[in-house]
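A.B. asks: So here's upload_14.txt (compact mmCIF, C-alpha atoms).
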```txt
# COMPACT_ATOMS: atom_id res chain seq x y z
CA MET A 11 31.98 -50.28 35.65
CA VAL A 12 31.95 -49.93 31.85
CA TYR A 13 29.33 -47.18 32.11
CA LEU A 14 31.39 -45.35 34.75
CA TRP A 15 34.47 -45.41 32.53
CA PHE A 16 32.38 -44.11 29.62
CA PHE A 17 31.22 -41.08 31.62
CA VAL A 18 34.75 -40.33 32.86
CA VAL A 19 36.06 -40.37 29.28
CA ILE A 20 33.29 -38.02 28.19
CA LEU A 21 33.69 -35.74 31.24
CA ILE A 22 37.45 -35.13 30.93
CA PRO A 23 37.32 -33.12 27.67
CA LEU A 24 34.29 -31.22 28.94
CA VAL A 25 36.16 -30.15 32.07
CA THR A 26 39.23 -29.24 30.03
CA GLU A 27 37.09 -27.18 27.66
CA ALA A 28 35.42 -25.37 30.58
CA GLN A 29 38.82 -24.50 32.05
CA ASP A 30 40.10 -23.26 28.69
CA GLN A 31 37.12 -20.91 28.45
CA HIS A 32 38.53 -19.11 31.48
CA CYS A 33 41.97 -18.73 29.93
CA TYR A 34 43.08 -15.15 29.46
CA ALA A 35 44.74 -16.29 26.24
CA ASN A 36 41.30 -17.08 24.81
CA GLN A 37 39.49 -13.91 25.85
CA THR A 38 38.11 -12.00 22.88
CA ASP A 39 37.41 -8.80 24.84
CA PRO A 40 40.03 -8.47 27.59
CA TYR A 41 40.04 -5.63 30.10
CA VAL A 42 42.39 -2.92 28.80
CA MET A 43 41.66 0.08 31.04
CA PHE A 44 45.23 0.46 32.27
CA SER A 45 45.23 4.08 33.47
CA THR A 46 47.94 6.13 31.75
CA TYR A 47 49.29 3.04 29.95
CA THR A 48 46.00 2.29 28.20
CA PRO A 49 46.54 1.50 24.49
CA TYR A 50 45.12 4.40 22.49
CA GLU A 51 44.25 2.11 19.61
CA LEU A 52 41.64 0.42 21.81
CA VAL A 53 39.85 3.49 23.23
CA HIS A 54 39.73 6.23 20.57
CA GLU A 55 36.79 7.34 18.44
CA THR A 56 37.06 5.62 15.05
CA SER A 57 34.91 7.91 12.88
CA THR A 58 36.47 9.51 9.81
CA ASN A 59 33.28 11.19 8.61
CA PRO A 60 33.59 14.93 7.95
CA VAL A 61 32.15 17.02 10.79
CA PHE A 62 29.19 19.02 9.55
CA VAL A 63 27.76 21.86 11.63
CA PRO A 64 24.81 23.51 9.83
CA GLN A 65 25.47 27.12 8.79
CA CYS A 66 29.00 27.00 10.26
CA GLN A 67 32.53 26.81 8.91
CA PRO A 68 35.54 25.85 11.06
CA LEU A 69 38.20 28.51 11.46
CA GLN A 70 40.74 26.84 13.75
CA PHE A 71 41.63 23.35 14.93
CA TRP A 72 43.58 23.35 18.23
CA ILE A 73 44.91 20.19 19.83
CA MET A 74 47.05 19.23 22.81
CA SER A 75 48.11 15.60 22.61
CA ARG A 76 50.08 13.33 24.82
CA HIS A 77 52.92 11.47 23.12
CA GLY A 78 52.16 8.06 21.68
CA THR A 79 52.90 4.67 23.21
CA ARG A 80 56.38 4.66 24.69
CA TYR A 81 58.79 2.11 26.10
CA THR A 82 59.15 1.84 29.85
CA ASP A 83 61.87 3.69 31.75
CA THR A 84 65.14 2.26 33.04
CA SER A 85 63.74 1.06 36.36
CA GLY A 86 60.77 -0.46 34.54
CA ILE A 87 63.12 -2.37 32.25
CA ASN A 88 65.00 -3.72 35.29
CA ASN A 89 61.70 -4.73 36.88
CA MET A 90 60.56 -6.48 33.71
CA TRP A 91 63.75 -8.51 33.52
CA SER A 92 63.37 -9.44 37.19
CA LEU A 93 60.11 -11.19 36.29
CA THR A 94 62.00 -14.03 34.57
CA SER A 95 62.66 -15.63 37.97
CA VAL A 96 59.07 -15.02 39.06
CA ARG A 97 57.91 -16.70 35.84
CA ASP A 98 60.10 -19.73 36.53
CA ASN A 99 58.68 -20.04 40.04
CA ILE A 100 55.10 -19.86 38.72
CA LEU A 101 55.85 -22.68 36.28
CA SER A 102 57.43 -24.75 39.06
CA ASN A 103 54.42 -24.15 41.29
CA HIS A 104 52.08 -25.51 38.65
CA GLU A 105 54.29 -28.53 38.02
CA ALA A 106 53.91 -29.19 41.75
CA LYS A 107 50.11 -28.97 41.32
CA ARG A 108 49.84 -25.55 42.92
CA GLY A 109 48.18 -22.65 41.13
CA THR A 110 45.20 -22.39 38.81
CA LEU A 111 46.46 -20.83 35.57
CA CYS A 112 45.20 -22.70 32.53
CA THR A 113 47.41 -24.57 30.08
CA ALA A 114 47.38 -21.86 27.41
CA ASP A 115 48.33 -19.08 29.85
CA LEU A 116 51.10 -21.21 31.33
CA GLU A 117 52.45 -21.94 27.85
CA ASN A 118 52.46 -18.22 27.03
CA LEU A 119 54.42 -17.56 30.23
CA ARG A 120 56.84 -20.36 29.38
CA LYS A 121 57.61 -18.78 25.99
CA TRP A 122 57.82 -15.23 27.36
CA THR A 123 60.99 -13.13 27.28
CA PRO A 124 61.24 -9.41 28.15
CA GLN A 125 60.81 -7.14 25.13
CA ALA A 126 62.53 -4.12 26.69
CA VAL A 127 66.07 -2.83 26.13
CA PHE A 128 67.86 -0.06 27.99
CA THR A 129 68.82 1.88 24.85
CA LEU A 130 65.12 2.58 24.17
CA SER A 131 64.01 3.57 27.68
CA ASP A 132 61.22 6.17 27.60
CA ASP A 133 61.43 6.40 23.79
CA LEU A 134 58.46 6.30 21.46
CA ALA A 135 57.54 2.73 20.47
CA PHE A 136 56.58 1.77 16.92
CA GLN A 137 52.94 1.68 18.03
CA GLY A 138 53.41 5.27 19.18
CA PHE A 139 54.24 6.37 15.63
CA GLN A 140 51.08 4.70 14.41
CA ASP A 141 48.99 6.23 17.21
CA LEU A 142 49.79 9.78 16.14
CA GLN A 143 49.90 9.28 12.40
CA ASN A 144 46.55 7.50 12.28
CA MET A 145 45.00 10.06 14.63
CA ALA A 146 46.16 12.88 12.38
CA GLN A 147 44.71 11.21 9.30
CA ARG A 148 41.33 10.75 11.00
CA PHE A 149 41.21 14.39 12.10
CA LYS A 150 42.23 15.43 8.58
CA SER A 151 39.27 13.47 7.20
CA ARG A 152 36.91 15.01 9.73
CA PHE A 153 38.03 18.63 9.20
CA PRO A 154 39.18 18.70 5.57
CA THR A 155 38.72 22.44 5.00
CA LEU A 156 41.18 23.16 7.81
CA LEU A 157 43.63 20.27 7.74
CA ASN A 158 43.61 19.07 4.14
CA GLN A 159 45.63 21.94 2.75
CA SER A 160 49.28 22.48 1.97
CA TYR A 161 51.61 23.58 4.75
CA SER A 162 52.72 27.14 5.34
CA SER A 163 54.10 28.61 8.56
CA ASP A 164 51.26 31.12 8.83
CA LYS A 165 48.59 28.41 8.49
CA PHE A 166 50.00 25.81 10.90
CA GLU A 167 51.84 25.97 14.20
CA VAL A 168 53.58 23.00 15.84
CA ARG A 169 55.09 22.83 19.33
CA PHE A 170 56.46 19.95 21.42
CA THR A 171 58.47 19.39 24.57
CA ASN A 172 62.16 18.51 24.66
CA THR A 173 61.84 14.71 24.82
CA GLN A 174 62.36 12.14 22.10
CA ARG A 175 58.85 10.73 22.53
CA THR A 176 57.04 14.06 22.09
CA THR A 177 59.34 15.20 19.29
CA LEU A 178 58.74 12.04 17.27
CA SER A 179 55.03 12.14 18.13
CA ALA A 180 54.88 15.62 16.61
CA PHE A 181 56.78 14.41 13.52
CA SER A 182 54.39 11.47 13.17
CA PHE A 183 51.28 13.67 13.50
CA VAL A 184 52.68 16.17 10.99
CA THR A 185 53.40 13.29 8.60
CA GLY A 186 49.80 12.16 8.97
CA ILE A 187 48.56 15.64 8.05
CA PHE A 188 51.00 16.64 5.31
CA GLY A 189 52.44 13.33 4.11
CA SER A 190 55.93 14.10 5.46
CA THR A 191 57.81 16.63 7.58
CA TYR A 192 59.57 17.98 4.50
CA ASN A 193 59.35 21.80 4.42
CA VAL A 194 57.36 21.86 7.67
CA GLN A 195 58.76 24.47 10.06
CA LEU A 196 59.38 22.67 13.35
CA PRO A 197 60.67 24.76 16.27
CA GLN A 198 63.36 23.94 18.78
CA PRO A 199 61.69 22.66 21.95
CA ILE A 200 61.97 24.70 25.15
CA SER A 201 63.55 23.02 28.18
CA LYS A 202 60.90 24.17 30.66
CA ASP A 203 57.99 25.17 28.47
CA SER A 204 55.51 27.12 30.60
CA LEU A 205 52.83 26.86 27.91
CA ILE A 206 52.63 23.17 27.06
CA ARG A 207 54.59 21.70 29.99
CA PRO A 208 53.85 23.92 32.98
CA SER A 209 54.47 20.91 35.26
CA SER A 210 58.22 21.18 34.59
CA TYR A 211 58.20 24.96 34.96
CA CYS A 212 56.34 25.37 38.25
CA THR A 213 58.79 24.71 41.10
CA LYS A 214 56.18 25.46 43.76
CA TRP A 215 53.87 22.77 42.38
CA ILE A 216 56.74 20.27 42.10
CA ASN A 217 57.68 20.80 45.76
CA GLU A 218 54.25 21.17 47.32
CA VAL A 219 52.14 18.76 45.26
CA LYS A 220 54.09 16.39 43.03
CA ASN A 221 56.77 15.53 45.60
CA ASN A 222 54.57 15.96 48.67
CA PRO A 223 53.97 12.63 50.49
CA ASN A 224 50.50 13.88 51.46
CA SER A 225 49.51 13.66 47.80
CA THR A 226 49.70 9.86 47.85
CA VAL A 227 48.03 9.21 51.21
CA GLU A 228 44.76 8.07 49.62
CA MET A 229 46.52 5.77 47.16
CA TYR A 230 48.52 4.03 49.89
CA ALA A 231 45.44 3.80 52.12
CA PHE A 232 43.68 1.96 49.29
CA GLU A 233 46.74 -0.25 48.82
CA ASP A 234 46.59 -1.21 52.50
CA GLY A 235 42.82 -1.67 52.41
CA PRO A 236 40.70 -4.80 51.90
CA GLU A 237 40.39 -4.52 48.11
CA ILE A 238 44.11 -4.71 47.34
CA GLN A 239 44.83 -7.12 50.17
CA ASP A 240 42.20 -9.45 48.72
CA LEU A 241 43.86 -9.05 45.33
CA ILE A 242 47.23 -10.06 46.80
CA LYS A 243 45.67 -13.19 48.31
CA THR A 244 43.85 -14.30 45.17
CA VAL A 245 46.83 -13.64 42.88
CA THR A 246 49.08 -15.56 45.31
CA ASP A 247 46.71 -18.54 45.16
CA ARG A 248 46.27 -18.28 41.39
CA LEU A 249 50.03 -18.40 40.85
CA GLY A 250 50.54 -21.22 43.33
CA PHE A 251 52.75 -19.47 45.90
CA GLU A 252 52.61 -20.67 49.49
CA THR A 253 53.44 -17.26 50.97
CA PRO A 254 51.86 -13.97 49.86
CA ILE A 255 53.48 -12.23 46.91
CA SER A 256 54.74 -8.71 47.58
CA MET A 257 52.97 -5.59 46.37
CA SER A 258 56.16 -4.89 44.46
CA ASP A 259 55.90 -8.15 42.51
CA ALA A 260 52.23 -7.51 41.78
CA THR A 261 53.09 -4.03 40.51
CA HIS A 262 55.85 -5.34 38.25
CA MET A 263 53.55 -7.97 36.75
CA TYR A 264 50.88 -5.33 36.21
CA ALA A 265 53.39 -3.04 34.48
CA ALA A 266 54.49 -5.85 32.16
CA CYS A 267 50.86 -6.61 31.33
CA ARG A 268 50.10 -2.97 30.54
CA PHE A 269 53.19 -2.14 28.52
CA GLU A 270 53.19 -5.33 26.48
CA LYS A 271 49.54 -4.88 25.53
CA ALA A 272 50.22 -1.25 24.54
CA TRP A 273 53.25 -2.24 22.44
CA ASN A 274 51.38 -5.02 20.64
CA VAL A 275 47.67 -4.30 20.74
CA ALA A 276 46.73 -7.39 18.73
CA LYS A 277 48.65 -9.76 20.99
CA VAL A 278 48.22 -11.17 24.47
CA SER A 279 50.60 -10.37 27.31
CA PRO A 280 50.92 -13.50 29.45
CA TRP A 281 51.27 -11.27 32.53
CA CYS A 282 47.70 -10.06 32.15
CA ALA A 283 46.60 -13.64 32.86
CA VAL A 284 47.82 -13.15 36.41
CA PHE A 285 44.83 -10.86 37.12
CA THR A 286 41.08 -11.09 36.83
CA ASP A 287 39.09 -8.21 35.37
CA GLU A 288 38.16 -7.19 38.91
CA ASP A 289 41.83 -7.21 39.92
CA LEU A 290 42.64 -4.92 37.01
CA THR A 291 39.76 -2.63 37.93
CA LYS A 292 41.19 -2.26 41.44
CA LEU A 293 44.68 -1.52 40.14
CA GLU A 294 43.25 1.06 37.75
CA TYR A 295 41.47 2.74 40.67
CA LYS A 296 44.70 2.79 42.67
CA GLU A 297 46.37 4.67 39.82
CA ASP A 298 43.45 7.07 39.54
CA LEU A 299 43.74 7.90 43.24
CA LYS A 300 47.40 8.78 42.77
CA TYR A 301 46.71 11.08 39.83
CA TYR A 302 43.55 12.61 41.30
CA TYR A 303 45.55 14.13 44.15
CA THR A 304 48.86 14.81 42.38
CA LYS A 305 47.51 16.14 39.07
CA GLY A 306 43.73 16.34 39.30
CA PHE A 307 40.92 17.78 41.38
CA GLY A 308 42.36 16.57 44.69
CA ASN A 309 44.53 19.68 45.02
CA ASP A 310 43.48 23.23 44.12
CA MET A 311 46.95 24.18 42.88
CA ASN A 312 46.61 21.73 39.98
CA LYS A 313 44.02 23.84 38.17
CA ASP A 314 46.20 26.93 38.60
CA VAL A 315 49.22 25.18 37.06
CA GLY A 316 47.19 23.68 34.22
CA CYS A 317 45.65 26.88 32.87
CA PRO A 318 48.23 28.08 30.25
CA PRO A 319 47.07 25.80 27.39
CA ALA A 320 43.44 26.70 28.12
CA LYS A 321 44.31 30.40 28.07
CA ASP A 322 46.09 29.83 24.76
CA PHE A 323 43.08 28.54 22.85
CA LEU A 324 40.73 31.02 24.54
CA LEU A 325 42.89 33.98 23.45
CA ARG A 326 43.30 32.55 19.96
CA PHE A 327 39.54 32.24 19.58
CA SER A 328 39.06 35.77 20.87
CA ALA A 329 41.56 36.97 18.27
CA LEU A 330 39.58 35.20 15.54
CA GLU A 331 36.41 36.82 16.83
CA SER A 332 38.12 40.20 16.48
CA GLY A 333 39.08 39.45 12.88
CA GLU A 334 42.78 38.83 13.54
CA GLN A 335 44.77 36.30 11.52
CA GLN A 336 45.28 32.91 13.19
CA PRO A 337 46.62 29.53 12.02
CA ALA A 338 44.16 26.97 10.72
CA GLY A 339 45.84 24.33 12.87
CA VAL A 340 47.65 24.53 16.22
CA PHE A 341 49.33 21.26 17.22
CA TYR A 342 50.84 20.79 20.71
CA PHE A 343 52.52 17.61 22.00
CA SER A 344 53.14 17.12 25.69
CA HIS A 345 52.66 14.61 28.52
CA ASP A 346 49.93 13.00 30.60
CA THR A 347 50.68 15.24 33.59
CA ASP A 348 50.04 18.43 31.67
CA LEU A 349 46.86 17.09 30.09
CA MET A 350 45.55 16.17 33.55
CA LEU A 351 46.41 19.62 34.85
CA LEU A 352 44.62 21.16 31.85
CA PHE A 353 41.53 19.05 32.52
CA SER A 354 41.60 20.22 36.14
CA SER A 355 41.55 23.83 34.95
CA LEU A 356 38.63 23.19 32.62
CA GLY A 357 36.63 20.98 35.00
CA ILE A 358 36.76 17.99 32.66
CA GLY A 359 36.57 14.66 34.50
CA GLU A 360 35.35 16.19 37.75
CA ASP A 361 33.07 14.12 39.99
CA ASP A 362 30.43 15.40 42.39
CA VAL A 363 32.12 13.47 45.21
CA PRO A 364 35.93 13.22 45.50
CA ILE A 365 37.30 9.72 45.01
CA THR A 366 38.97 8.28 48.10
CA HIS A 367 40.38 4.99 49.37
CA SER A 368 37.03 4.21 50.98
CA ASN A 369 34.56 4.74 48.11
CA TYR A 370 35.85 2.33 45.48
CA GLU A 371 32.47 0.67 44.91
CA GLU A 372 30.64 3.99 44.68
CA SER A 373 33.23 5.33 42.22
CA ARG A 374 33.02 2.63 39.55
CA ASN A 375 31.29 5.06 37.17
CA ARG A 376 33.55 8.00 38.04
CA GLN A 377 34.40 10.77 35.60
CA TRP A 378 38.03 10.91 36.78
CA ARG A 379 39.26 7.91 34.83
CA THR A 380 42.77 8.33 33.50
CA SER A 381 42.33 5.34 31.18
CA LEU A 382 39.99 7.56 29.17
CA LEU A 383 41.41 10.99 30.00
CA THR A 384 45.11 10.36 29.40
CA PRO A 385 45.83 7.02 27.72
CA PHE A 386 48.88 6.83 25.49
CA ALA A 387 48.33 9.46 22.76
CA GLY A 388 45.40 10.85 24.75
CA ASN A 389 44.36 14.17 23.25
CA PHE A 390 42.10 17.15 23.74
CA ALA A 391 41.02 19.12 20.67
CA VAL A 392 38.96 22.30 20.37
CA VAL A 393 37.47 23.58 17.10
CA PHE A 394 36.29 27.15 16.57
CA PHE A 395 33.49 27.81 14.05
CA LYS A 396 32.17 30.94 12.35
CA CYS A 397 28.42 30.67 11.86
CA ASP A 398 25.43 32.40 10.33
CA GLY A 399 22.60 33.29 12.68
CA ASP A 400 22.18 34.86 16.11
CA GLU A 401 25.29 33.18 17.57
CA PRO A 402 28.12 34.07 15.17
CA TYR A 403 30.72 31.72 16.69
CA LYS A 404 30.54 28.20 18.12
CA VAL A 405 32.95 25.72 19.68
CA GLN A 406 33.32 21.95 19.83
CA PHE A 407 35.49 19.97 22.27
CA TYR A 408 36.91 16.53 21.50
CA LEU A 409 38.43 13.97 23.90
CA ARG A 410 40.22 11.03 22.24
CA GLU A 411 38.57 12.24 19.02
CA LYS A 412 35.14 11.76 20.62
CA LEU A 413 32.83 14.79 20.75
CA LEU A 414 32.45 15.97 24.34
CA ASP A 415 28.94 16.90 25.42
CA MET A 416 29.93 19.79 27.68
CA GLU A 417 27.49 21.07 30.29
CA GLY A 418 25.63 24.11 28.94
CA CYS A 419 26.10 23.06 25.31
CA ASP A 420 23.73 21.52 22.77
CA GLN A 421 24.87 17.96 22.01
CA GLY A 422 28.50 18.99 21.99
CA LEU A 423 28.05 22.28 20.14
CA CYS A 424 28.73 25.26 22.39
CA ASP A 425 28.03 28.94 21.90
CA TRP A 426 31.32 30.83 22.00
CA SER A 427 29.70 33.51 24.14
CA TYR A 428 28.92 30.85 26.76
CA ILE A 429 32.41 29.29 26.67
CA LYS A 430 34.03 32.73 26.82
CA GLN A 431 32.00 33.58 29.92
CA LYS A 432 32.46 30.13 31.51
CA TYR A 433 36.25 30.31 31.29
CA SER A 434 36.68 34.07 31.53
CA SER A 435 38.72 33.80 34.73
CA ILE A 436 41.28 31.61 32.92
CA ALA A 437 41.63 34.04 30.01
CA GLU A 438 41.96 37.01 32.34
CA ASN A 439 43.84 35.68 35.37
CA CYS A 440 45.93 32.69 34.30
CA ASN A 441 49.63 33.16 35.00
CA LEU A 442 52.38 31.15 36.64
CA ASP A 443 53.92 33.99 38.67
CA PHE A 444 53.21 32.05 41.87
CA CYS A 445 55.44 29.21 40.67
```
Can I see the file as structure tokens?

C.D. replies:
Amino acid sequence: MVYLWFFVVILIPLVTEAQDQHCYANQTDPYVMFSTYTPYELVHETSTNPVFVPQCQPLQFWIMSRHGTRYTDTSGINNMWSLTSVRDNILSNHEAKRGTLCTADLENLRKWTPQAVFTLSDDLAFQGFQDLQNMAQRFKSRFPTLLNQSYSSDKFEVRFTNTQRTTLSAFSFVTGIFGSTYNVQLPQPISKDSLIRPSSYCTKWINEVKNNPNSTVEMYAFEDGPEIQDLIKTVTDRLGFETPISMSDATHMYAACRFEKAWNVAKVSPWCAVFTDEDLTKLEYKEDLKYYYTKGFGNDMNKDVGCPPAKDFLLRFSALESGEQQPAGVFYFSHDTDLMLLFSSLGIGEDDVPITHSNYEESRNRQWRTSLLTPFAGNFAVVFFKCDGDEPYKVQFYLREKLLDMEGCDQGLCDWSYIKQKYSSIAENCNLDFC
């Protein structure tokens, strides 16, 4: 009997320690691929080394960036506050010995209060300022001959949409480049900007794609399928509920997890503990299905709407080739929708096989992954070089500051003649007359 008691005493802390190892609160590398709410700080290229292309000098740096991390919208704030009662029920369930959340995750939930207020809905968060300012400083370090020079209106062009979050994102980026916005010529934003926000300009696309119920058929089919239904069951059991939670509750908890991690990248959101990594992977895929058909390769109209920014840098580079004067830096600030539409035009993120509700397993390594294409502060940069040698001009493409190895290019360095031919139809035919 004494020996038995000895082993029980030894076993209890071992069991407790094993359970704590499965606590989300203790994870050192949590899953953060949250589709369009992915924290930029956790997915961008970190290099600040100057870019060196032998026998070449950069002539123009062109970028289209999504705004930085923002607060949720009004309905999202309401949903987040509604989770206080859900939280209380989860705690009660565990007091009644139902549910499997560990002690640390339960304690985090117990201390949780919503960090969202209505006066800041949709506005840029503090992390959003840092996203853009730090990004600008890294690009400045990587392209010093272009970006590390004093401001003048003929050398730099800035444009942003008419929202607080893009306006302040532009200000933050400009501050990162020039040290402040003082003396920087910043234009008045256009209400429906057909260049950097064609999604708000094109009525035909809004009616026939964005607001078309057919565009979300695949997403809802996946939601009704075995993967998400299994998620509902396991989350219900994990939280200790005796009847299945609603998809609505699961979505609200997921939103809280995503936003809170984006707002405070160094901290843990207790709502992320609700899900396993596999659960989060499924929810990410559900989001990707929505965007694939509303803004990506799932509808041919998307590439037609997304072409104006591509046409812009193509024509600018052609002007440089012809010896015309162009700014050293062109800085555009827009939204995830317009970046996705641009990628559709350029063929970036396209898979050989369309993603659907029925090929989740086969699509784990898909190219269309909005967590990496359009996270908060997601950006697409193109740099035009003048070179010595047979090919007088070259181009590099960057996604999240990471050099893109485009098909037909040599380790990310593309001949301008090839790019010009590849995208000639955009330069020649892009217009929004059909809108």

A.B. asks: Nearest to Ala114 in chain A among A:Lys165, A:Ser279, A:Phe71, A:Glu237, with distances taken over all atoms listed in the file: which residue is it?

C.D. replies: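 Nearest candidate to Ala114 in chain A out of A:Lys165, A:Ser279, A:Phe71, A:Glu237: A:Ser279.
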
A.B. asks: Compile the contact shell of range 415-420 of chain A as a VMD selection string: residues with an atom at most 12 Å away, counting all atoms listed in the file, same-chain residues fewer than 6 positions apart removed.

C.D. replies: chain A and resid 63 356 to 360 392 404 to 409 426 to 429 431 to 432

A.B. asks: Near range 311-320 of chain A, counting only C-alpha atoms, which residues have an atom at most 10 Å away, once you skip same-chain residues fewer than 4 positions from it, shown as a PyMOL selection string?

C.D. replies: chain A and resi 73-74+204-209+211-212+214-215+218-220+302-307+324-325+342+347-357+392+433+435-437+439-442+444-445

A.B. asks: Can you work out which one of A:Thr84, A:Ser332, A:Gln140, A:Thr246 has the shortest atom-to-atom distance to Arg108 in chain A, counting all atoms listed in the file?

C.D. replies: A:Thr246

A.B. asks: Measuring between all atoms listed in the file, which one of A:Met257, A:Leu290, A:Ala135, A:Ala266 shows the shortest distance to Gln174 in chain A?

C.D. replies: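 With all atoms listed in the file as the atom set, the closest residue is A:Ala135.
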
A.B. asks: Within 10 Å of Pro402 in chain A, counting all atoms listed in the file, which residues show up once you throw out same-chain ones fewer than 2 positions away? Write them as a list in words, please.

C.D. replies: Gln65, Cys66, Glu331, Phe395, Lys396, Cys397, Asp398, Gly399, Asp400, Lys404, Asp425, Trp426 and Ser427 of chain A

A.B. asks: Padding 8 Å on each side, edges along x, y and z: where is the centre of the box around the listed atoms of range 326-332 of chain A, and how long are its edges in Å to one decimal? Output it as AutoDock Vina command-line options.

C.D. replies:
```
--center_x 39.9 --center_y 36.2 --center_z 18.2 --size_x 22.9 --size_y 24.0 --size_z 21.3
```

A.B. asks: Select, from A:Glu55, A:Asp247, A:Asp39, A:Glu167, the residue with the minimum atom-to-atom distance to Gln70 in chain A, counting all atoms listed in the file.

C.D. replies: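 Between A:Glu55, A:Asp247, A:Asp39, A:Glu167, the residue approaching Gln70 in chain A most closely is A:Glu167.
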
A.B. asks: Applying 10 Å and all atoms listed in the file, which residues near Asn89 in chain A remain after dropping the ones on its own chain fewer than 2 positions away? List them as an NGL selection string.

C.D. replies: :A and (82-87 or 91-94 or 124 or 258-259 or 261-263 or 265-266)

A.B. asks: Residues within 10 Å of range 146-162 of chain A, please, as a PyMOL selection string. Count only C-alpha atoms; anything in the same chain fewer than 3 positions from it doesn't count.

C.D. replies: chain A and resi 55-62+67-71+140-143+165-167+182-189+191-195+337-339+391+393+411

A.B. asks: Measure the distance from CA of Asn274 in chain A to CA of Pro49 in chain A in Å and round it to one decimal.

C.D. replies: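 If I compute the distance from CA of Asn274 in chain A to CA of Pro49 in chain A, I get 9.0 Å.
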
A.B. asks: Measuring between all atoms listed in the file, which one of A:Asn172, A:Ser210, A:Ser179, A:Thr253 shows the shortest distance to Gln198 in chain A?

C.D. replies: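 Nearest candidate to Gln198 in chain A out of A:Asn172, A:Ser210, A:Ser179, A:Thr253: A:Asn172.
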
A.B. asks: What is the CA of Pro280 in chain A to CA of Thr48 in chain A distance in Å?

C.D. replies: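 The value is 16.6 Å.
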
A.B. asks: Record the distance separating CA of Phe343 in chain A and CA of Ala387 in chain A, expressed in Å with one decimal.

C.D. replies: 9.2 Å

A.B. asks: Restricting the calculation to all atoms listed in the file, which member of A:Arg97, A:Arg76, A:His32, A:Lys300 is positioned closest to Lys121 in chain A?

C.D. replies: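 For Lys121 in chain A, the nearest of the candidates is A:Arg97.
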